[in-house]
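Participant: The structure under discussion is supplied below as structure tokens; questions concerning it will follow.
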Amino acid sequence: MVSEEPPGSLRESGPSTPAHGGAPHASASPSAGTPAAGTGELPTRVRPSGLAEAADALTDAASARRTVLIEGAGTALEWGAPVAAPDVVVETSGLDRLISHAPEDWTVGVEAGMPLTRLQELLAPAGQWLPVDPPTASGGATLGGLLACGDAGPRRLKYGGVGDLVIGATLVLPDGTVARSGGDVIKNVAGYDLAKLMAGSLGAFGLVARLNLRVHPLPEATVTLALEADDAARALDAARAVLRSPLEPVAVEWDGRQVLIRFQGTAESAAARARLAPEIPGLAAARALDSEAEQAAWRRLSERTRGEDGETVLRAATSPARLPRLAERLRELTEDTPVEARLLSGLAQGLHTVVLSGGDAAQHAACLTAWRDAVYEAGGSATLRRRREGVDEAADAWGPAPSALAVLRSLKRQFDPGGRCAPGRFAPWF
Amino acid sequence: MIDAALRREFEAALGADAVLSDPLQLRTYECDGLTGFREVPALVVLPRSTEEVAAAVSLCAREGLPFVARGAGTGLSGGAVPVAQGVVVSLARMRQVLELDPEDRRMVLQPGVTNAEISRVAAPHGLYYAPDPSSQVVCTIGGNVAENSGGAHCVKYGFTVHHVTGLRVVLPDGSVADLGGDAPESPGPDLRGLFIGSEGTLGIATEITVRLLRVPETVRTLVADFPTVEAAGEAVSAIMASGIVPAAVEMLDSLAIEACEAAVHAGYSLETTAALVVELDGMEHECDEQFERVVALCHEKGTSHVRIATTDAERALIWKGRKAAFAAVGRISPDYFVQDGVVPRTRLSEALTRIAEMSRTEGLRVANVFHAGDGNLHPLVLFDEQAGEAERAERLAAEIAEMCVELGGSLSGEHGIGLDKACSMPEMFGETDLAVMRRLRTAFDPDALANPGKVLPTPRLCGEAPGRYRPHPLEAAGVIERW
Ligand SMILES: Cc1cc2nc3c(=O)[nH]c(=O)nc-3n(C[C@H](O)[C@H](O)[C@H](O)COP(=O)(O)OP(=O)(O)OC[C@H]3O[C@@H](n4cnc5c(N)ncnc54)[C@H](O)[C@@H]3O)c2cc1C
Ligand SMILES: Cc1cc2nc3c(=O)[nH]c(=O)nc-3n(C[C@H](O)[C@H](O)[C@H](O)COP(=O)(O)OP(=O)(O)OC[C@H]3O[C@@H](n4cnc5c(N)ncnc54)[C@H](O)[C@@H]3O)c2cc1C
């Protein structure tokens with residue numbers, strides 16, 4: 001390994017200080033704050049700035065055989081199964097530089113600890129953005145975190161998820177090895193795409209240090225229509241009607257009460273779409289939101305999807321047609337119990353979120369397990385994103401093991417043979 | 001070695017008519033679209049189902065036999081070239097559409113279904129499959145998955161990886177696994193995404209779930225002639241900088257036009273130095289608005305003539321000319337190589353100028369027809385094998401690909417690395433990068449039985465010496481560091 005940065009200059013913030021600024025959630029995260037398994041001490045927090053320091057951090061952890069948790073903004077550390085108290089927390093907030101931006105090539109290179117909102121600020125003057133719907137609150141979700149979570153907002157319908165926008169990546173593997181795949185151009189098929197290994201990896205396969213991304217022109221205008229629908233079948237019908245039309249919606253979501261349909265384009269064409277939509281059979285009652293109401297509606301959707309402390313959040317993926325049956329099943333499961341369930345759905349893509357509140361942990365666990373079974377029976381899959389305290393004692397974080405389990409285990413052995421990165425994240429699978 | 005007993009085992013598993021071992025028959029599988037690489041396999045099997053593929057691969061795994069999946073054999077990087085003493089698993093009999101769900105706009109396909117067939121079957125529902133390689137009438141969805149194929153419309157719609165949500169695959173040990181699913185999220189690392197573009201080295205795709213798109217309301221297409229390649233390049237930049245995302249932006253130079261016109265009379269002007277094909281699609285309203293701006297931008301950048309397709313037939317003819325380009329070159333040259341490389345779009349002019357210089361130096365003609373919108377070059381190196389020009393042509397083609405890397409681009413935009421470019425990989429990636437890619441391959445295929453010798457360089461193929469690595473320009477400029 002060659003490095004332009006002097007090695008060994010890691011800033012360790014020590015066991016007790018909750019890190020440098022920029023990682024507000026760090027000390028509040030459930031796993032990172034608890035004593036490390038072997039030592040009974042708080043984890044050491046390191047905050048590398050730059051690739052070389054990140055590599056050193058993981059190399060050091062490897063030689064000392066210490067377990068590692070990678071932390072971005074800390075807004076989604078709970079996703080998946082709980083991680084056993086790590087010896088070292090590697091914060092990515094110091095990996096926040098812009099490396100390059102070539103507006104005419106539609107590409108940008110960044111360090112992966114950069115918050116999405118920061119990237120958008122940097123791109124906006126060029127009339128561009130990374131087409132990922134912004135985390136609305138001040139959470140500060142990072143690009144690396146977004147990729148590791150395999151997440152995307154409602155406009156995934158048009159643009160795909162973060163993983164679909166990555167054109168190149170630099171990783172630091174758990175043993176400190178630095179590897180690059182992809183490149184800087186928007187079309188490229190040379191070699192394996194290591195970024196795909198990171199997409200959805202929840203920090204269990206190594207650190208994403210840098211990302212090259214394809215950016216898009218900012219749409220000139222967007223407009224959102226809302227349609228009341230408190231029933232899943234009705235909501236799905238509305239979604240299908242607009243998807244059959246030539247209007248090309250960029251997002252179609254249901255928050256349990258109303259369907260939100262978003263269009264974008266030039267100012268004129270966005271307006272034309274909003275005008276034409278209510279003429280589609282079944283959409284007569286859809287009304288266009290003014291721009292303030294539009295912002296508020298999408299913010300509310302994001303918040304309702306995310307859930308709050310004390311709630312249990314499960315994300316499921318099936319073909320869209322399964323929604324009504326799954327909604328019915330959820331109703332059956334919560335009927336006559338104190339548990340309240342909220343179901344939201346990306347209607348065009350079959351991405352459903354269930355948020356449970358009320359009741360106790362045992363009831364959440366029972367409901368989530370039974371509903372997840374229904375999802376798997378429908379040919380889908382599910383990820384636990386958040387849980388009321390105590391749920392883990394009564395329910396597995398993951399559903400039935402996938403048929404590719406042997407490959408997943410084998411990948412884990414190849415990339416993290418010591419099982420030191422996010423230990424437990426995919427338990428009981430591996 | 002495959003002896004008679006083992007052959008009988010393959011026959012028992014797949015049926016006698018599904019196992020070929022006659023040397024004459026085997027010979028038809030010796031190469032793909034890149035005919036310079038040839039190898040006769042020991043056996044060809046023609047399974048009909050996932051179970052039969054699994055049975056065949058299990059036998060290979062048990063015997064330690066290398067195997068190579070094969071679709072239509074249109075690949076242009078030697079990806080489907082057999083391994084000596086190995087087995088070819090041809091997917092030619094797996095041509096069924098297993099499921100079509102027009103409401104959820106998805107289809108489940110066997111791997112031997114051709115790319116064009118998908119859209120043909122979807123058409124009655126107003127749907128289509130977006131990636132459209134020029135070879136679409138022949139090439140298979142399995143081959144598309146393996147190569148992460150693109151096409152003329154990927155600047156707006158993306159590649160195969162953006163349109164395939166799920167795969168059923170037979171892994172190199174003969175087991176069956178589902179990667180991805182019906183929806184675009186699944187727990188854990190994106191194995192589906194890793195598999196797509198892996199060129200048959202991680203296993204064999206046997207069932208493929210694709211998403212379909214609604215056919216756009218309008219399509220508008222024009223051909224704009226330019227006095228210089230540079231001017232055409234500037235028009236491309238201007239269009240892409242305007243906030244418009246065209247469905248396609250293709251460029252042809254005069255030599256490519258000459259070939260196309262000789263072959264299909266698509267109405268391109270023989271007088272012009274460069275022609276741009278620009279297509280917009282989407283809602284009528286928006287298309288019209290943006291099309292006007294595109295025409296204006298072409299004029300601003302000095303077009304000598306803009307021809308706008310007024311009928312579907314005219315549009316189809318423009319595309320026929322463009323898509324026939326590779327084969328058409330056969331009209332003006334006895335032999336040719338199709339190269340595939342990518343440069344940042346802003347360096348297109350520079351790349352074309354350098355190709356022209358290199359072409360002069362080698363004394364060989366190069367025709368250019370390419371996806372200008374994403375900087376994906378397809379230089380066609382013309383030569384005459386009889387006149388002993390093959391070696392020079394090969395050298396020139398390789399130099400062009402390496403120049404693309406030097407300009408900050410890639411060795412391949414869509415045809416893949418295969419056998420052809422495996423030894424050039426060290427031009428683009430460092431030793432560690434390649435070693436890590438090897439770990440990934442090992443995780444899927446510990447015994448390296450699936451399409452060995454492709455994608456990653458091997459000492460046997462490329463020599464023991466560690467490859468050259470030229471620093472990336474950003475690295476040279478000190479913007480990024482090298483590892
Ligand atoms: C208020 C709010 C609204 C949101 N709305 C949206 C929305 O509209 N659209 C949307 O797409 N998402 C949204 N999200 C969710 C978002 O997807 C996650 O919060 C985000 O992906 C997590 O980023 P993070 O930096 O906080 O990661 P963390 O919580 O720090 O980490 C999450 C996981 O990723 C791993 N990880 C983090 N960084 C890296 C890295 N560099 N390399 C490897 N692994 C890493 C961690 O180990 C952990 O397993 C929202 C989040 C919030 C807080
Ligand atoms: C005239 C012409 C024009 C072309 N235009 C384009 C273009 O515009 N865009 C583009 O991207 N490509 C283009 N190509 C290249 C080629 O058509 C594509 O790479 C195509 O996807 C190959 O499909 P195939 O079925 O012919 O695959 P093959 O050539 O048979 O195989 C290609 C690779 O895929 C593997 N493979 C095949 N089937 C499977 C399977 N089921 N599972 C796993 N691995 C498998 C093989 O082992 C091999 O490595 C063109 C080729 C020609 C000849």
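Every chain in the structure tokens takes a letter, A first, then B, and so on in the order presented; its residues are numbered from 1, and the ligands are numbered from 1 following the presented order.
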As a PyMOL selection string, which residues of range 95-318 of chain A does DSSP assign to alpha helix (DSSP H)?

Facilitator: chain A and resi 116-123+143-149+156-159+162-165+194-198+232-244+267-276+291-306

Participant: Skipping near chain neighbours, those fewer than 2 positions away, what residues fall within 9 Å of range 345-347 of chain B using only C-alpha atoms, listed as a PyMOL selection string?

Facilitator: (chain A and resi 104-105+185) or (chain B and resi 233-234+236-237+342-343+349-352+372-376+407)

Participant: Could those selected residues go to a file with all heavy atoms, as a CSV table (one decimal), in the first residue's frame?

Facilitator:
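Full text of out_30.csv as output:
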```csv
chain,number,residue,atom,x,y,z
A,104,GLU,N,-20.3,18.5,-16.7
A,104,GLU,CA,-20.6,18.1,-18.1
A,104,GLU,C,-20.6,16.6,-18.3
A,104,GLU,O,-21.2,16.1,-19.2
A,104,GLU,CB,-19.7,18.8,-19.0
A,104,GLU,CG,-19.9,20.3,-19.1
A,104,GLU,CD,-19.1,21.0,-20.2
A,104,GLU,OE1,-19.0,20.4,-21.3
A,104,GLU,OE2,-18.6,22.0,-20.0
A,105,ASP,N,-19.9,15.9,-17.4
A,105,ASP,CA,-19.8,14.5,-17.6
A,105,ASP,C,-20.9,13.8,-16.7
A,105,ASP,O,-21.0,12.6,-16.7
A,105,ASP,CB,-18.4,13.9,-17.2
A,105,ASP,CG,-17.4,14.3,-18.2
A,105,ASP,OD1,-17.7,14.3,-19.4
A,105,ASP,OD2,-16.3,14.6,-17.8
A,185,VAL,N,-16.6,7.0,-15.2
A,185,VAL,CA,-17.5,7.3,-16.3
A,185,VAL,C,-18.9,6.6,-16.1
A,185,VAL,O,-19.0,5.6,-15.4
A,185,VAL,CB,-16.9,6.8,-17.6
A,185,VAL,CG1,-15.8,7.8,-18.1
A,185,VAL,CG2,-16.2,5.4,-17.5
B,233,GLY,N,-19.3,16.8,-31.6
B,233,GLY,CA,-19.1,16.5,-30.2
B,233,GLY,C,-19.5,17.7,-29.3
B,233,GLY,O,-20.1,17.5,-28.2
B,234,GLU,N,-19.3,18.9,-29.8
B,234,GLU,CA,-19.8,20.1,-29.0
B,234,GLU,C,-21.3,20.1,-28.9
B,234,GLU,O,-21.8,20.5,-27.9
B,234,GLU,CB,-19.3,21.4,-29.7
B,234,GLU,CG,-17.9,21.7,-29.3
B,234,GLU,CD,-17.4,22.9,-30.0
B,234,GLU,OE1,-18.2,23.8,-30.3
B,234,GLU,OE2,-16.1,23.0,-30.2
B,236,VAL,N,-23.2,17.5,-28.8
B,236,VAL,CA,-23.6,16.5,-27.8
B,236,VAL,C,-23.4,17.2,-26.4
B,236,VAL,O,-24.4,17.1,-25.6
B,236,VAL,CB,-22.6,15.3,-27.9
B,236,VAL,CG1,-22.9,14.3,-26.7
B,236,VAL,CG2,-22.8,14.6,-29.2
B,237,SER,N,-22.3,17.8,-26.2
B,237,SER,CA,-22.1,18.4,-24.9
B,237,SER,C,-23.2,19.5,-24.6
B,237,SER,O,-23.7,19.5,-23.4
B,237,SER,CB,-20.7,19.1,-24.8
B,237,SER,OG,-19.7,18.1,-24.8
B,342,VAL,N,-14.7,3.4,-23.2
B,342,VAL,CA,-15.4,4.6,-22.8
B,342,VAL,C,-14.5,5.7,-22.4
B,342,VAL,O,-13.4,5.5,-21.8
B,342,VAL,CB,-16.3,4.3,-21.5
B,342,VAL,CG1,-17.2,5.5,-21.2
B,342,VAL,CG2,-17.1,3.0,-21.8
B,343,VAL,N,-14.8,7.0,-22.8
B,343,VAL,CA,-14.1,8.1,-22.3
B,343,VAL,C,-15.1,9.1,-21.6
B,343,VAL,O,-16.3,9.0,-22.0
B,343,VAL,CB,-13.3,8.9,-23.4
B,343,VAL,CG1,-12.3,8.0,-24.0
B,343,VAL,CG2,-14.3,9.4,-24.5
B,349,SER,N,-13.9,14.5,-28.3
B,349,SER,CA,-13.2,15.1,-29.4
B,349,SER,C,-11.7,14.7,-29.4
B,349,SER,O,-11.1,14.2,-30.4
B,349,SER,CB,-13.2,16.6,-29.4
B,349,SER,OG,-14.6,17.0,-29.6
B,350,GLU,N,-11.1,14.8,-28.2
B,350,GLU,CA,-9.8,14.5,-28.0
B,350,GLU,C,-9.5,13.0,-28.4
B,350,GLU,O,-8.6,12.6,-29.1
B,350,GLU,CB,-9.4,14.7,-26.5
B,350,GLU,CG,-8.0,14.6,-26.2
B,350,GLU,CD,-7.8,14.9,-24.7
B,350,GLU,OE1,-8.7,15.4,-24.0
B,350,GLU,OE2,-6.7,14.5,-24.2
B,351,ALA,N,-10.4,12.1,-27.9
B,351,ALA,CA,-10.3,10.7,-28.2
B,351,ALA,C,-10.4,10.4,-29.7
B,351,ALA,O,-9.5,9.7,-30.2
B,351,ALA,CB,-11.4,9.9,-27.4
B,352,LEU,N,-11.3,11.1,-30.3
B,352,LEU,CA,-11.5,10.8,-31.8
B,352,LEU,C,-10.2,11.3,-32.5
B,352,LEU,O,-9.8,10.7,-33.5
B,352,LEU,CB,-12.7,11.5,-32.3
B,352,LEU,CG,-14.0,10.9,-31.7
B,352,LEU,CD1,-15.2,11.7,-32.0
B,352,LEU,CD2,-14.2,9.4,-32.3
B,372,ALA,N,-22.6,8.4,-28.2
B,372,ALA,CA,-21.9,9.6,-27.8
B,372,ALA,C,-22.5,10.2,-26.5
B,372,ALA,O,-21.7,10.8,-25.7
B,372,ALA,CB,-22.1,10.7,-28.9
B,373,GLY,N,-23.7,9.9,-26.2
B,373,GLY,CA,-24.3,10.5,-25.0
B,373,GLY,C,-23.6,10.0,-23.7
B,373,GLY,O,-23.6,10.7,-22.7
B,374,ASP,N,-23.1,8.8,-23.7
B,374,ASP,CA,-22.3,8.4,-22.6
B,374,ASP,C,-20.9,8.1,-22.8
B,374,ASP,O,-20.2,7.4,-22.1
B,374,ASP,CB,-23.0,7.2,-21.9
B,374,ASP,CG,-23.6,6.2,-22.8
B,374,ASP,OD1,-23.0,6.0,-23.9
B,374,ASP,OD2,-24.6,5.5,-22.5
B,375,GLY,N,-20.4,8.6,-23.9
B,375,GLY,CA,-18.9,8.5,-24.2
B,375,GLY,C,-18.4,7.1,-24.5
B,375,GLY,O,-17.3,6.8,-24.5
B,376,ASN,N,-19.4,6.3,-24.9
B,376,ASN,CA,-19.0,4.9,-25.2
B,376,ASN,C,-18.6,4.7,-26.7
B,376,ASN,O,-19.5,4.7,-27.6
B,376,ASN,CB,-20.2,4.0,-24.9
B,376,ASN,CG,-19.9,2.5,-25.0
B,376,ASN,OD1,-20.8,1.7,-24.9
B,376,ASN,ND2,-18.7,2.1,-25.2
B,407,LEU,N,-7.4,8.3,-20.7
B,407,LEU,CA,-8.2,9.5,-20.7
B,407,LEU,C,-9.2,9.5,-19.5
B,407,LEU,O,-10.1,10.4,-19.5
B,407,LEU,CB,-9.0,9.7,-22.0
B,407,LEU,CG,-8.1,10.0,-23.3
B,407,LEU,CD1,-9.0,10.2,-24.5
B,407,LEU,CD2,-7.3,11.2,-23.0
```

Participant: Mind checking DSSP for range 205-258 of chain A and telling me the strand (DSSP E or B) residues as number ranges by chain?

Facilitator: A: 207-214, 216-217, 221-228, 251-254, 258

Participant: Using only C-alpha atoms and all ligand atoms, which residues of chain A come within 7 Å of ligand 1, and what is the closest atom pair for each, with the distance in Å to one decimal? Give it as a Markdown table, sorted by chain and residue number.

Facilitator:
```
| residue | atom | partner | partner_atom_place_in_ligand_line | distance |
| --- | --- | --- | --- | --- |
| A:Leu69 | CA | ligand 1 | 47 (O) | 5.6 |
| A:Ile70 | CA | ligand 1 | 47 (O) | 4.1 |
| A:Glu71 | CA | ligand 1 | 30 (O) | 3.9 |
| A:Gly72 | CA | ligand 1 | 30 (O) | 3.2 |
| A:Ala73 | CA | ligand 1 | 26 (O) | 3.6 |
| A:Gly74 | CA | ligand 1 | 30 (O) | 3.3 |
| A:Thr75 | CA | ligand 1 | 26 (O) | 3.6 |
| A:Ala76 | CA | ligand 1 | 29 (O) | 3.2 |
| A:Leu77 | CA | ligand 1 | 29 (O) | 4.1 |
| A:Trp79 | CA | ligand 1 | 49 (O) | 6.5 |
| A:Thr92 | CA | ligand 1 | 41 (N) | 6.0 |
| A:Ala112 | CA | ligand 1 | 41 (N) | 5.3 |
| A:Gly113 | CA | ligand 1 | 41 (N) | 5.8 |
| A:Pro115 | CA | ligand 1 | 25 (O) | 7.0 |
| A:Val132 | CA | ligand 1 | 11 (O) | 5.8 |
| A:Asp133 | CA | ligand 1 | 9 (N) | 4.8 |
| A:Pro134 | CA | ligand 1 | 8 (O) | 4.9 |
| A:Pro135 | CA | ligand 1 | 5 (N) | 3.5 |
| A:Thr136 | CA | ligand 1 | 3 (C) | 5.0 |
| A:Ala137 | CA | ligand 1 | 1 (C) | 4.3 |
| A:Ser138 | CA | ligand 1 | 1 (C) | 6.5 |
| A:Gly139 | CA | ligand 1 | 53 (C) | 4.3 |
| A:Gly140 | CA | ligand 1 | 26 (O) | 6.5 |
| A:Ala141 | CA | ligand 1 | 23 (O) | 3.8 |
| A:Thr142 | CA | ligand 1 | 25 (O) | 3.6 |
| A:Leu143 | CA | ligand 1 | 25 (O) | 6.5 |
| A:Gly144 | CA | ligand 1 | 41 (N) | 3.8 |
| A:Gly145 | CA | ligand 1 | 37 (C) | 3.5 |
| A:Leu146 | CA | ligand 1 | 21 (O) | 3.2 |
| A:Leu147 | CA | ligand 1 | 21 (O) | 6.6 |
| A:Ala148 | CA | ligand 1 | 34 (O) | 4.5 |
| A:Cys149 | CA | ligand 1 | 21 (O) | 5.1 |
| A:Asp151 | CA | ligand 1 | 17 (O) | 4.9 |
| A:Ala152 | CA | ligand 1 | 11 (O) | 3.5 |
| A:Gly153 | CA | ligand 1 | 9 (N) | 3.7 |
| A:Met198 | CA | ligand 1 | 43 (C) | 6.7 |
| A:Ser201 | CA | ligand 1 | 44 (N) | 6.9 |
| A:Leu202 | CA | ligand 1 | 49 (O) | 3.6 |
| A:Gly203 | CA | ligand 1 | 44 (N) | 3.6 |
| A:Ala204 | CA | ligand 1 | 47 (O) | 6.9 |
| A:Gly206 | CA | ligand 1 | 43 (C) | 5.7 |
| A:Leu207 | CA | ligand 1 | 42 (N) | 3.7 |
| A:Val208 | CA | ligand 1 | 42 (N) | 3.7 |
| A:Ala209 | CA | ligand 1 | 41 (N) | 5.7 |
| A:Ser302 | CA | ligand 1 | 5 (N) | 5.0 |
| A:Glu303 | CA | ligand 1 | 3 (C) | 6.2 |
| A:Arg306 | CA | ligand 1 | 3 (C) | 6.4 |
| A:Ala422 | CA | ligand 1 | 47 (O) | 6.7 |
```

Participant: Next, write the just-selected residues to a file, as a tab-separated table (two decimals), in the first residue's frame, keeping N, CA and C atoms as the atom set.

Facilitator:
```tsv
chain	number	residue	atom	x	y	z
A	69	LEU	N	-17.47	-1.52	14.45
A	69	LEU	CA	-18.75	-1.03	13.94
A	69	LEU	C	-18.48	0.24	13.13
A	70	ILE	N	-18.98	0.27	11.91
A	70	ILE	CA	-18.81	1.46	11.08
A	70	ILE	C	-20.04	2.34	11.28
A	71	GLU	N	-19.77	3.61	11.50
A	71	GLU	CA	-20.88	4.51	11.81
A	71	GLU	C	-20.83	5.74	10.92
A	72	GLY	N	-21.92	5.98	10.21
A	72	GLY	CA	-22.05	7.21	9.44
A	72	GLY	C	-22.67	8.26	10.33
A	73	ALA	N	-23.86	8.73	9.96
A	73	ALA	CA	-24.53	9.70	10.81
A	73	ALA	C	-25.27	9.02	11.96
A	74	GLY	N	-25.27	7.71	11.96
A	74	GLY	CA	-25.88	6.97	13.06
A	74	GLY	C	-27.40	6.98	13.06
A	75	THR	N	-28.01	7.22	11.91
A	75	THR	CA	-29.47	7.28	11.87
A	75	THR	C	-30.10	5.92	11.62
A	76	ALA	N	-29.28	4.93	11.27
A	76	ALA	CA	-29.86	3.63	10.91
A	76	ALA	C	-29.01	2.49	11.46
A	77	LEU	N	-28.37	2.71	12.59
A	77	LEU	CA	-27.50	1.67	13.15
A	77	LEU	C	-28.29	0.47	13.64
A	79	TRP	N	-30.72	-1.02	11.95
A	79	TRP	CA	-31.23	-1.88	10.87
A	79	TRP	C	-30.59	-3.25	10.94
A	92	THR	N	-17.36	7.78	10.16
A	92	THR	CA	-16.98	8.22	8.82
A	92	THR	C	-17.14	9.73	8.62
A	112	ALA	N	-17.15	8.92	1.36
A	112	ALA	CA	-18.47	8.34	1.61
A	112	ALA	C	-19.11	8.79	2.92
A	113	GLY	N	-18.36	9.53	3.75
A	113	GLY	CA	-18.96	10.04	4.97
A	113	GLY	C	-19.70	11.35	4.75
A	115	PRO	N	-22.53	13.82	4.10
A	115	PRO	CA	-23.98	13.72	4.18
A	115	PRO	C	-24.63	14.01	2.81
A	132	VAL	N	-31.78	11.13	-5.11
A	132	VAL	CA	-32.23	10.35	-3.96
A	132	VAL	C	-33.04	11.33	-3.13
A	133	ASP	N	-34.27	10.99	-2.85
A	133	ASP	CA	-35.11	11.92	-2.11
A	133	ASP	C	-34.42	12.22	-0.80
A	134	PRO	N	-34.37	13.46	-0.44
A	134	PRO	CA	-33.57	13.86	0.72
A	134	PRO	C	-34.16	13.38	2.04
A	135	PRO	N	-33.30	12.82	2.90
A	135	PRO	CA	-33.77	12.63	4.27
A	135	PRO	C	-34.17	14.00	4.77
A	136	THR	N	-35.38	14.10	5.24
A	136	THR	CA	-35.93	15.43	5.49
A	136	THR	C	-35.38	16.09	6.73
A	137	ALA	N	-35.36	15.39	7.85
A	137	ALA	CA	-34.92	16.01	9.09
A	137	ALA	C	-33.42	16.26	9.03
A	138	SER	N	-32.86	16.70	10.13
A	138	SER	CA	-31.45	17.06	10.13
A	138	SER	C	-30.59	15.84	10.41
A	139	GLY	N	-31.13	14.64	10.16
A	139	GLY	CA	-30.42	13.40	10.46
A	139	GLY	C	-29.02	13.33	9.90
A	140	GLY	N	-28.83	13.93	8.72
A	140	GLY	CA	-27.49	13.98	8.15
A	140	GLY	C	-27.02	12.68	7.53
A	141	ALA	N	-27.95	11.78	7.15
A	141	ALA	CA	-27.58	10.48	6.58
A	141	ALA	C	-26.48	10.63	5.54
A	142	THR	N	-25.47	9.76	5.63
A	142	THR	CA	-24.31	9.85	4.75
A	142	THR	C	-24.50	8.98	3.51
A	143	LEU	N	-23.69	9.27	2.49
A	143	LEU	CA	-23.79	8.49	1.26
A	143	LEU	C	-23.40	7.04	1.50
A	144	GLY	N	-22.34	6.84	2.30
A	144	GLY	CA	-21.93	5.47	2.61
A	144	GLY	C	-23.02	4.74	3.37
A	145	GLY	N	-23.66	5.43	4.32
A	145	GLY	CA	-24.74	4.84	5.09
A	145	GLY	C	-25.92	4.49	4.20
A	146	LEU	N	-26.25	5.39	3.30
A	146	LEU	CA	-27.36	5.13	2.38
A	146	LEU	C	-27.08	3.91	1.52
A	147	LEU	N	-25.84	3.80	1.04
A	147	LEU	CA	-25.50	2.65	0.21
A	147	LEU	C	-25.55	1.37	1.05
A	148	ALA	N	-24.95	1.43	2.25
A	148	ALA	CA	-24.90	0.25	3.10
A	148	ALA	C	-26.31	-0.20	3.52
A	149	CYS	N	-27.24	0.74	3.58
A	149	CYS	CA	-28.62	0.40	3.94
A	149	CYS	C	-29.41	-0.05	2.71
A	151	ASP	N	-30.90	1.75	0.74
A	151	ASP	CA	-32.15	2.48	0.83
A	151	ASP	C	-32.33	3.42	-0.35
A	152	ALA	N	-33.53	3.91	-0.50
A	152	ALA	CA	-33.83	4.92	-1.51
A	152	ALA	C	-35.16	5.53	-1.15
A	153	GLY	N	-35.40	6.70	-1.64
A	153	GLY	CA	-36.68	7.34	-1.37
A	153	GLY	C	-37.68	7.01	-2.46
A	198	MET	N	-21.40	-3.86	-1.28
A	198	MET	CA	-21.63	-2.92	-0.18
A	198	MET	C	-23.09	-2.51	-0.07
A	201	SER	N	-25.16	-4.00	2.68
A	201	SER	CA	-24.24	-4.79	3.50
A	201	SER	C	-24.33	-4.46	4.99
A	202	LEU	N	-24.98	-3.35	5.32
A	202	LEU	CA	-25.12	-2.93	6.72
A	202	LEU	C	-23.80	-2.99	7.49
A	203	GLY	N	-22.75	-2.61	6.81
A	203	GLY	CA	-21.45	-2.48	7.48
A	203	GLY	C	-20.76	-3.79	7.81
A	204	ALA	N	-21.27	-4.91	7.29
A	204	ALA	CA	-20.72	-6.20	7.69
A	204	ALA	C	-19.65	-6.74	6.73
A	206	GLY	N	-17.16	-4.43	5.23
A	206	GLY	CA	-16.09	-3.46	5.05
A	206	GLY	C	-16.64	-2.06	4.95
A	207	LEU	N	-15.70	-1.14	4.78
A	207	LEU	CA	-16.04	0.28	4.80
A	207	LEU	C	-16.06	0.84	3.38
A	208	VAL	N	-17.09	1.58	3.05
A	208	VAL	CA	-17.11	2.33	1.80
A	208	VAL	C	-16.41	3.64	2.08
A	209	ALA	N	-15.29	3.87	1.43
A	209	ALA	CA	-14.52	5.08	1.72
A	209	ALA	C	-14.80	6.19	0.72
A	302	SER	N	-42.07	10.59	4.78
A	302	SER	CA	-40.75	10.15	5.21
A	302	SER	C	-40.74	9.88	6.72
A	303	GLU	N	-41.35	10.78	7.48
A	303	GLU	CA	-41.39	10.60	8.93
A	303	GLU	C	-42.23	9.38	9.33
A	306	ARG	N	-40.31	6.29	8.72
A	306	ARG	CA	-39.17	6.09	9.58
A	306	ARG	C	-39.57	5.60	10.98
A	422	ALA	N	-19.14	-5.60	12.28
A	422	ALA	CA	-20.56	-5.65	12.64
A	422	ALA	C	-20.99	-7.06	13.04
```

Participant: Please check which protein, DNA or RNA residues sit within 7 Å of ligand 2, counting only C-alpha atoms and all ligand atoms, and write them as a PyMOL selection string.

Facilitator: chain B and resi 32-33+68-76+79-80+91+111+132-136+138-152+199-200+203-206+326-327+414-416+418+451

Participant: Could you check how far CA of Asp290 in chain A sits from CA of Arg342 in chain A, in Å to one decimal?

Facilitator: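 Computing it gives 26.1 Å between the two atoms.
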
Participant: How far is it from CA of Leu157 in chain A to CA of Val164 in chain B, in Å with one decimal?

Facilitator: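 A separation of 13.7 Å between them.
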
Participant: Leaving out range 394-399 of chain B and any residue of its chain fewer than 3 positions from it, which residues lie within 7 Å of it when counting only C-alpha atoms, given as JSON, numbers by chain?

Facilitator: {"B": [339, 381, 390, 391, 402, 403]}

Participant: Could you list, as number ranges by chain, every residue within 9 Å of Gly191 in chain A, counting only C-alpha atoms and ignoring same-chain residues fewer than 2 positions away?

Facilitator: A: 181-182, 188-189, 193-194; B: 197-198, 416-417, 425, 429, 434, 437, 455-456
